[in-house]
>>> print(open('coords-v1.cif').read())   # mmCIF, N, CA and C atoms and all ligand atoms
data_run
#
loop_
_atom_site.label_atom_id
_atom_site.label_comp_id
_atom_site.auth_asym_id
_atom_site.auth_seq_id
_atom_site.Cartn_x
_atom_site.Cartn_y
_atom_site.Cartn_z
N MET A 650 -90.65 -99.63 2.98
CA MET A 650 -90.12 -98.28 3.14
C MET A 650 -88.62 -98.36 3.41
N SER A 651 -87.87 -97.52 2.72
CA SER A 651 -86.44 -97.51 2.94
C SER A 651 -85.92 -96.11 2.62
N GLY A 652 -84.68 -95.85 2.97
CA GLY A 652 -84.10 -94.55 2.70
C GLY A 652 -84.58 -93.48 3.65
N GLU A 653 -83.98 -92.28 3.53
CA GLU A 653 -84.35 -91.12 4.33
C GLU A 653 -84.30 -91.39 5.82
N GLY A 654 -83.50 -92.36 6.23
CA GLY A 654 -83.32 -92.61 7.66
C GLY A 654 -84.38 -93.46 8.31
N TRP A 655 -85.31 -94.01 7.54
CA TRP A 655 -86.35 -94.86 8.13
C TRP A 655 -85.81 -96.28 8.30
N ILE A 656 -85.97 -96.81 9.48
CA ILE A 656 -85.50 -98.18 9.73
C ILE A 656 -86.67 -99.03 10.23
N PRO A 657 -86.74 -100.29 9.81
CA PRO A 657 -87.82 -101.16 10.27
C PRO A 657 -87.65 -101.49 11.75
N VAL A 658 -88.77 -101.54 12.47
CA VAL A 658 -88.73 -101.79 13.92
C VAL A 658 -89.30 -103.17 14.23
N CYS A 659 -90.59 -103.33 14.01
CA CYS A 659 -91.29 -104.59 14.32
C CYS A 659 -92.70 -104.47 13.77
N ASP A 660 -93.47 -105.53 13.94
CA ASP A 660 -94.88 -105.46 13.59
C ASP A 660 -95.60 -104.64 14.65
N ALA A 661 -96.58 -103.85 14.21
CA ALA A 661 -97.35 -103.05 15.16
C ALA A 661 -98.00 -103.94 16.22
N ALA A 662 -98.39 -105.13 15.82
CA ALA A 662 -99.06 -106.04 16.75
C ALA A 662 -98.13 -106.53 17.86
N ASP A 663 -96.83 -106.32 17.68
CA ASP A 663 -95.87 -106.77 18.70
C ASP A 663 -95.72 -105.77 19.84
N VAL A 664 -96.31 -104.60 19.71
CA VAL A 664 -96.25 -103.61 20.79
C VAL A 664 -97.59 -103.65 21.51
N PRO A 665 -97.60 -104.05 22.77
CA PRO A 665 -98.88 -104.20 23.46
C PRO A 665 -99.65 -102.89 23.58
N CYS A 666 -100.96 -102.98 23.48
CA CYS A 666 -101.79 -101.79 23.59
C CYS A 666 -101.56 -101.14 24.95
N ASP A 667 -101.33 -99.82 24.93
CA ASP A 667 -101.02 -99.06 26.14
C ASP A 667 -99.81 -99.65 26.87
N GLY A 668 -98.83 -100.05 26.05
CA GLY A 668 -97.61 -100.62 26.60
C GLY A 668 -96.39 -100.10 25.87
N VAL A 669 -95.25 -100.66 26.22
CA VAL A 669 -93.96 -100.23 25.70
C VAL A 669 -93.13 -101.45 25.35
N ARG A 670 -92.32 -101.29 24.32
CA ARG A 670 -91.43 -102.36 23.88
C ARG A 670 -90.06 -101.76 23.56
N ARG A 671 -89.02 -102.51 23.86
CA ARG A 671 -87.66 -102.08 23.56
C ARG A 671 -87.30 -102.40 22.12
N PHE A 672 -86.53 -101.48 21.50
CA PHE A 672 -86.00 -101.72 20.16
C PHE A 672 -84.56 -101.23 20.13
N ASP A 673 -83.64 -102.11 19.79
CA ASP A 673 -82.22 -101.76 19.71
C ASP A 673 -81.80 -101.68 18.25
N HIS A 674 -80.98 -100.69 17.94
CA HIS A 674 -80.48 -100.53 16.58
C HIS A 674 -79.06 -99.98 16.67
N GLY A 675 -78.09 -100.77 16.27
CA GLY A 675 -76.70 -100.35 16.42
C GLY A 675 -76.40 -100.12 17.89
N ALA A 676 -75.81 -98.97 18.17
CA ALA A 676 -75.45 -98.64 19.55
C ALA A 676 -76.60 -97.96 20.30
N ARG A 677 -77.73 -97.78 19.62
CA ARG A 677 -78.83 -97.03 20.24
C ARG A 677 -79.94 -97.96 20.68
N SER A 678 -80.68 -97.49 21.65
CA SER A 678 -81.83 -98.24 22.14
C SER A 678 -83.01 -97.30 22.29
N PHE A 679 -84.17 -97.78 21.92
CA PHE A 679 -85.37 -96.96 21.87
C PHE A 679 -86.48 -97.62 22.68
N ALA A 680 -87.47 -96.82 23.00
CA ALA A 680 -88.71 -97.33 23.58
C ALA A 680 -89.83 -97.01 22.60
N ILE A 681 -90.59 -98.05 22.24
CA ILE A 681 -91.68 -97.92 21.28
C ILE A 681 -92.99 -98.10 22.04
N TYR A 682 -93.92 -97.19 21.83
CA TYR A 682 -95.16 -97.19 22.61
C TYR A 682 -96.37 -97.33 21.69
N ASN A 683 -97.39 -97.97 22.24
CA ASN A 683 -98.68 -98.08 21.57
C ASN A 683 -99.73 -97.47 22.50
N LEU A 684 -100.21 -96.30 22.11
CA LEU A 684 -101.25 -95.63 22.92
C LEU A 684 -102.57 -95.76 22.17
N GLY A 685 -103.27 -96.82 22.45
CA GLY A 685 -104.57 -97.03 21.82
C GLY A 685 -104.51 -97.09 20.31
N GLY A 686 -103.43 -97.65 19.77
CA GLY A 686 -103.30 -97.77 18.32
C GLY A 686 -102.50 -96.64 17.67
N ARG A 687 -102.08 -95.66 18.46
CA ARG A 687 -101.17 -94.60 17.98
C ARG A 687 -99.78 -94.95 18.52
N PHE A 688 -98.79 -94.86 17.64
CA PHE A 688 -97.45 -95.33 18.00
C PHE A 688 -96.49 -94.14 18.14
N PHE A 689 -95.60 -94.28 19.13
CA PHE A 689 -94.61 -93.24 19.44
C PHE A 689 -93.28 -93.90 19.75
N ALA A 690 -92.22 -93.12 19.63
CA ALA A 690 -90.89 -93.64 19.94
C ALA A 690 -90.10 -92.57 20.68
N THR A 691 -89.38 -93.02 21.69
CA THR A 691 -88.46 -92.13 22.42
C THR A 691 -87.13 -92.85 22.59
N ASP A 692 -86.13 -92.09 23.03
CA ASP A 692 -84.91 -92.73 23.48
C ASP A 692 -85.31 -93.76 24.54
N GLY A 693 -84.60 -94.89 24.55
CA GLY A 693 -84.98 -95.95 25.48
C GLY A 693 -84.55 -95.72 26.91
N HIS A 694 -83.62 -94.80 27.12
CA HIS A 694 -83.06 -94.63 28.46
C HIS A 694 -83.55 -93.36 29.14
N CYS A 695 -83.92 -93.51 30.37
CA CYS A 695 -84.31 -92.38 31.21
C CYS A 695 -83.17 -91.36 31.27
N THR A 696 -83.51 -90.09 31.28
CA THR A 696 -82.49 -89.04 31.31
C THR A 696 -81.93 -88.81 32.71
N HIS A 697 -82.45 -89.51 33.70
CA HIS A 697 -81.95 -89.33 35.07
C HIS A 697 -80.71 -90.19 35.29
N GLU A 698 -80.89 -91.51 35.37
CA GLU A 698 -79.73 -92.38 35.57
C GLU A 698 -79.69 -93.52 34.56
N ARG A 699 -80.24 -93.26 33.38
CA ARG A 699 -80.10 -94.15 32.23
C ARG A 699 -80.80 -95.50 32.39
N GLN A 700 -81.72 -95.62 33.31
CA GLN A 700 -82.51 -96.85 33.40
C GLN A 700 -83.29 -97.02 32.10
N HIS A 701 -83.34 -98.25 31.57
CA HIS A 701 -84.14 -98.44 30.36
C HIS A 701 -85.61 -98.37 30.71
N LEU A 702 -86.38 -97.79 29.80
CA LEU A 702 -87.81 -97.57 30.05
C LEU A 702 -88.68 -98.75 29.65
N GLU A 703 -88.08 -99.80 29.12
CA GLU A 703 -88.89 -100.94 28.67
C GLU A 703 -89.67 -101.58 29.82
N ASP A 704 -89.18 -101.44 31.05
CA ASP A 704 -89.88 -102.00 32.20
C ASP A 704 -90.70 -100.94 32.94
N GLY A 705 -90.83 -99.77 32.31
CA GLY A 705 -91.61 -98.70 32.92
C GLY A 705 -93.10 -98.96 32.80
N THR A 706 -93.86 -98.07 33.41
CA THR A 706 -95.31 -98.19 33.41
C THR A 706 -95.90 -97.10 32.52
N VAL A 707 -96.77 -97.53 31.59
CA VAL A 707 -97.46 -96.60 30.71
C VAL A 707 -98.84 -96.32 31.28
N MET A 708 -99.15 -95.03 31.44
CA MET A 708 -100.47 -94.66 31.97
C MET A 708 -100.84 -93.29 31.46
N ASP A 709 -101.98 -93.22 30.79
CA ASP A 709 -102.52 -91.94 30.32
C ASP A 709 -101.51 -91.12 29.52
N GLY A 710 -100.79 -91.78 28.61
CA GLY A 710 -99.86 -91.05 27.75
C GLY A 710 -98.55 -90.71 28.40
N ILE A 711 -98.30 -91.28 29.57
CA ILE A 711 -97.08 -90.99 30.34
C ILE A 711 -96.32 -92.30 30.54
N ILE A 712 -94.98 -92.22 30.46
CA ILE A 712 -94.15 -93.36 30.84
C ILE A 712 -93.50 -93.03 32.19
N GLU A 713 -93.64 -93.95 33.12
CA GLU A 713 -93.02 -93.79 34.44
C GLU A 713 -91.81 -94.70 34.53
N CYS A 714 -90.67 -94.13 34.81
CA CYS A 714 -89.43 -94.89 34.91
C CYS A 714 -89.51 -95.87 36.09
N PRO A 715 -89.04 -97.11 35.87
CA PRO A 715 -89.17 -98.10 36.94
C PRO A 715 -88.19 -97.90 38.09
N LEU A 716 -87.16 -97.07 37.90
CA LEU A 716 -86.14 -96.97 38.96
C LEU A 716 -86.50 -95.94 40.03
N HIS A 717 -86.78 -94.70 39.63
CA HIS A 717 -87.09 -93.66 40.63
C HIS A 717 -88.42 -92.98 40.34
N MET A 718 -89.21 -93.57 39.46
CA MET A 718 -90.57 -93.10 39.18
C MET A 718 -90.64 -91.73 38.52
N GLY A 719 -89.55 -91.30 37.87
CA GLY A 719 -89.64 -90.10 37.05
C GLY A 719 -90.63 -90.33 35.92
N GLN A 720 -91.27 -89.26 35.44
CA GLN A 720 -92.30 -89.41 34.42
C GLN A 720 -92.03 -88.50 33.22
N PHE A 721 -92.38 -89.02 32.05
CA PHE A 721 -92.24 -88.27 30.79
C PHE A 721 -93.53 -88.37 30.00
N ASP A 722 -93.85 -87.30 29.26
CA ASP A 722 -94.92 -87.34 28.28
C ASP A 722 -94.42 -88.15 27.10
N ILE A 723 -95.12 -89.20 26.72
CA ILE A 723 -94.64 -90.09 25.66
C ILE A 723 -94.62 -89.38 24.31
N GLU A 724 -95.61 -88.56 24.04
CA GLU A 724 -95.70 -87.93 22.72
C GLU A 724 -94.65 -86.85 22.53
N THR A 725 -94.37 -86.07 23.57
CA THR A 725 -93.45 -84.93 23.42
C THR A 725 -92.08 -85.20 24.04
N GLY A 726 -91.99 -86.18 24.93
CA GLY A 726 -90.75 -86.46 25.64
C GLY A 726 -90.52 -85.56 26.84
N GLU A 727 -91.46 -84.65 27.09
CA GLU A 727 -91.28 -83.68 28.18
C GLU A 727 -91.15 -84.37 29.54
N ALA A 728 -90.16 -83.95 30.31
CA ALA A 728 -90.00 -84.43 31.69
C ALA A 728 -91.10 -83.80 32.53
N LEU A 729 -91.90 -84.63 33.20
CA LEU A 729 -93.08 -84.13 33.91
C LEU A 729 -92.95 -84.19 35.42
N ALA A 730 -92.24 -85.18 35.93
CA ALA A 730 -92.20 -85.36 37.38
C ALA A 730 -90.83 -85.83 37.79
N GLY A 731 -90.30 -85.19 38.85
CA GLY A 731 -88.97 -85.51 39.35
C GLY A 731 -88.83 -86.97 39.73
N PRO A 732 -87.56 -87.41 39.75
CA PRO A 732 -86.35 -86.61 39.69
C PRO A 732 -85.88 -86.24 38.28
N VAL A 733 -86.64 -86.54 37.26
CA VAL A 733 -86.18 -86.21 35.91
C VAL A 733 -86.41 -84.73 35.63
N CYS A 734 -85.44 -84.10 34.96
CA CYS A 734 -85.60 -82.69 34.59
C CYS A 734 -85.15 -82.45 33.15
N ILE A 735 -84.63 -83.47 32.49
CA ILE A 735 -84.22 -83.37 31.09
C ILE A 735 -85.18 -84.18 30.25
N ASP A 736 -85.69 -83.56 29.17
CA ASP A 736 -86.66 -84.24 28.31
C ASP A 736 -86.04 -85.44 27.60
N LEU A 737 -86.90 -86.39 27.23
CA LEU A 737 -86.49 -87.51 26.39
C LEU A 737 -86.47 -87.09 24.93
N GLU A 738 -85.52 -87.61 24.17
CA GLU A 738 -85.54 -87.40 22.73
C GLU A 738 -86.68 -88.23 22.14
N THR A 739 -87.40 -87.65 21.19
CA THR A 739 -88.48 -88.39 20.53
C THR A 739 -88.13 -88.59 19.06
N PHE A 740 -88.79 -89.55 18.45
CA PHE A 740 -88.51 -89.91 17.05
C PHE A 740 -89.83 -90.11 16.32
N GLU A 741 -89.80 -89.79 15.03
CA GLU A 741 -90.97 -90.06 14.19
C GLU A 741 -91.13 -91.55 14.01
N ILE A 742 -92.37 -92.00 14.01
CA ILE A 742 -92.62 -93.42 13.75
C ILE A 742 -93.83 -93.53 12.83
N ARG A 743 -93.78 -94.50 11.93
CA ARG A 743 -94.87 -94.70 10.99
C ARG A 743 -95.33 -96.14 11.02
N ASN A 744 -96.63 -96.31 10.80
CA ASN A 744 -97.21 -97.64 10.69
C ASN A 744 -97.58 -97.84 9.22
N GLU A 745 -96.83 -98.67 8.53
CA GLU A 745 -97.09 -98.95 7.11
C GLU A 745 -97.57 -100.37 6.97
N SER A 746 -98.88 -100.52 6.78
CA SER A 746 -99.49 -101.85 6.59
C SER A 746 -99.13 -102.79 7.74
N GLY A 747 -99.17 -102.25 8.95
CA GLY A 747 -98.95 -103.09 10.13
C GLY A 747 -97.50 -103.28 10.50
N ARG A 748 -96.61 -102.59 9.80
CA ARG A 748 -95.17 -102.68 10.11
C ARG A 748 -94.71 -101.28 10.55
N LEU A 749 -93.98 -101.23 11.66
CA LEU A 749 -93.53 -99.95 12.18
C LEU A 749 -92.14 -99.60 11.68
N TYR A 750 -91.97 -98.31 11.38
CA TYR A 750 -90.67 -97.77 10.93
C TYR A 750 -90.37 -96.54 11.78
N LEU A 751 -89.11 -96.41 12.14
CA LEU A 751 -88.66 -95.29 12.97
C LEU A 751 -87.69 -94.46 12.15
N ARG A 752 -87.78 -93.15 12.31
CA ARG A 752 -86.88 -92.27 11.56
C ARG A 752 -85.77 -91.75 12.47
N LEU A 753 -84.56 -92.05 12.10
CA LEU A 753 -83.40 -91.58 12.88
C LEU A 753 -83.03 -90.17 12.44
S1 LIG B 801 -83.38 -93.52 36.40
FE1 LIG B 801 -85.34 -92.87 35.78
S2 LIG B 801 -86.07 -91.63 37.38
FE2 LIG B 801 -84.07 -92.24 38.00
#
>>> encode(input="coords-v1.cif", output="structure tokens")
Amino acid sequence: MSGEGWIPVCDAADVPCDGVRRFDHGARSFAIYNLGGRFFATDGHCTHERQHLEDGTVMDGIIECPLHMGQFDIETGEALAGPVCIDLETFEIRNESGRLYLRL
């Protein structure tokens, strides 16, 4: 897959089940999630104080920031629990034959 803003990320198998993995592209950094075989992508940095979410905790479709325990809905990016109040940007992601692609 190429064009239309799709960029290769990694193999789907490289994202742990119910876990998160960091992906950097140019000046941007993303968090890639595997929720029981469904994949999602958000901006990699918490909207509170820019802590990267790669070390956060994934639980029941929520990512908890490791610094101050703010929480976001992984699928929608919605800020759910303080101190975060600004939603995370989300991105389309596709699994093509076991390879993940993210749309910028
Ligand atoms: S940096 Fe994420 S909750 Fe503060």
>>> residues_near_ligand(input="coords-v1.cif", ligand="ligand LIG 801 (chain B)", cutoff="12 Å", atoms="only C-alpha atoms and all ligand atoms", output="PyMOL selection string")
chain A and resi 693-706+712-721+728-737
>>> residues_around(input="coords-v1.cif", residues="Ile742 (chain A)", least_positions_apart="6", cutoff="7 Å", atoms="only N, CA and C atoms", output="number ranges by chain")
A: 688-690, 749-752
>>> residues_around(input="coords-v1.cif", residues="Asp692 (chain A)", least_positions_apart="3", cutoff="7 Å", atoms="only C-alpha atoms", output="list of chain:residue names")
A:Ser678, A:Phe679, A:Ala680, A:Leu737, A:Glu738, A:Thr739
>>> residues_around(input="coords-v1.cif", residues="region 655-663 of chain A", least_positions_apart="2", cutoff="8 Å", atoms="only N, CA and C atoms", output="list in words")
Met650, Ser651, Gly652, Glu653, Pro665, Cys666, Val669, Arg670, Phe672, Asp673, Asn683, Asn744, Glu745, Ser746, Gly747, Arg748, Leu749, Tyr750, Leu751, Arg752 and Leu753 of chain A
>>> atom_distance(input="coords-v1.cif", atom1="CA of Gly726 (chain A)", atom2="CA of Thr691 (chain A)")
6.9 Å
>>> atom_distance(input="coords-v1.cif", atom1="CA of Ile723 (chain A)", atom2="CA of Ala676 (chain A)")
21.9 Å
>>> atom_distance(input="coords-v1.cif", atom1="atom C of Gly710 (chain A)", atom2="atom C of Glu724 (chain A)")
8.0 Å
>>> select_by_dssp(input="coords-v1.cif", residues="chain A", states="strand (DSSP E)", output="number ranges by chain")
A: 655-660, 668-674, 677-684, 687-692, 706-708, 711-713, 720-722, 728-730, 739-740, 742-745, 748-752
>>> select_by_dssp(input="coords-v1.cif", residues="chain A", states="helix (DSSP H, G or I)", output="list in words")
Ala661, Ala662, Asp663, Leu702, Glu703 and Asp704 of chain A
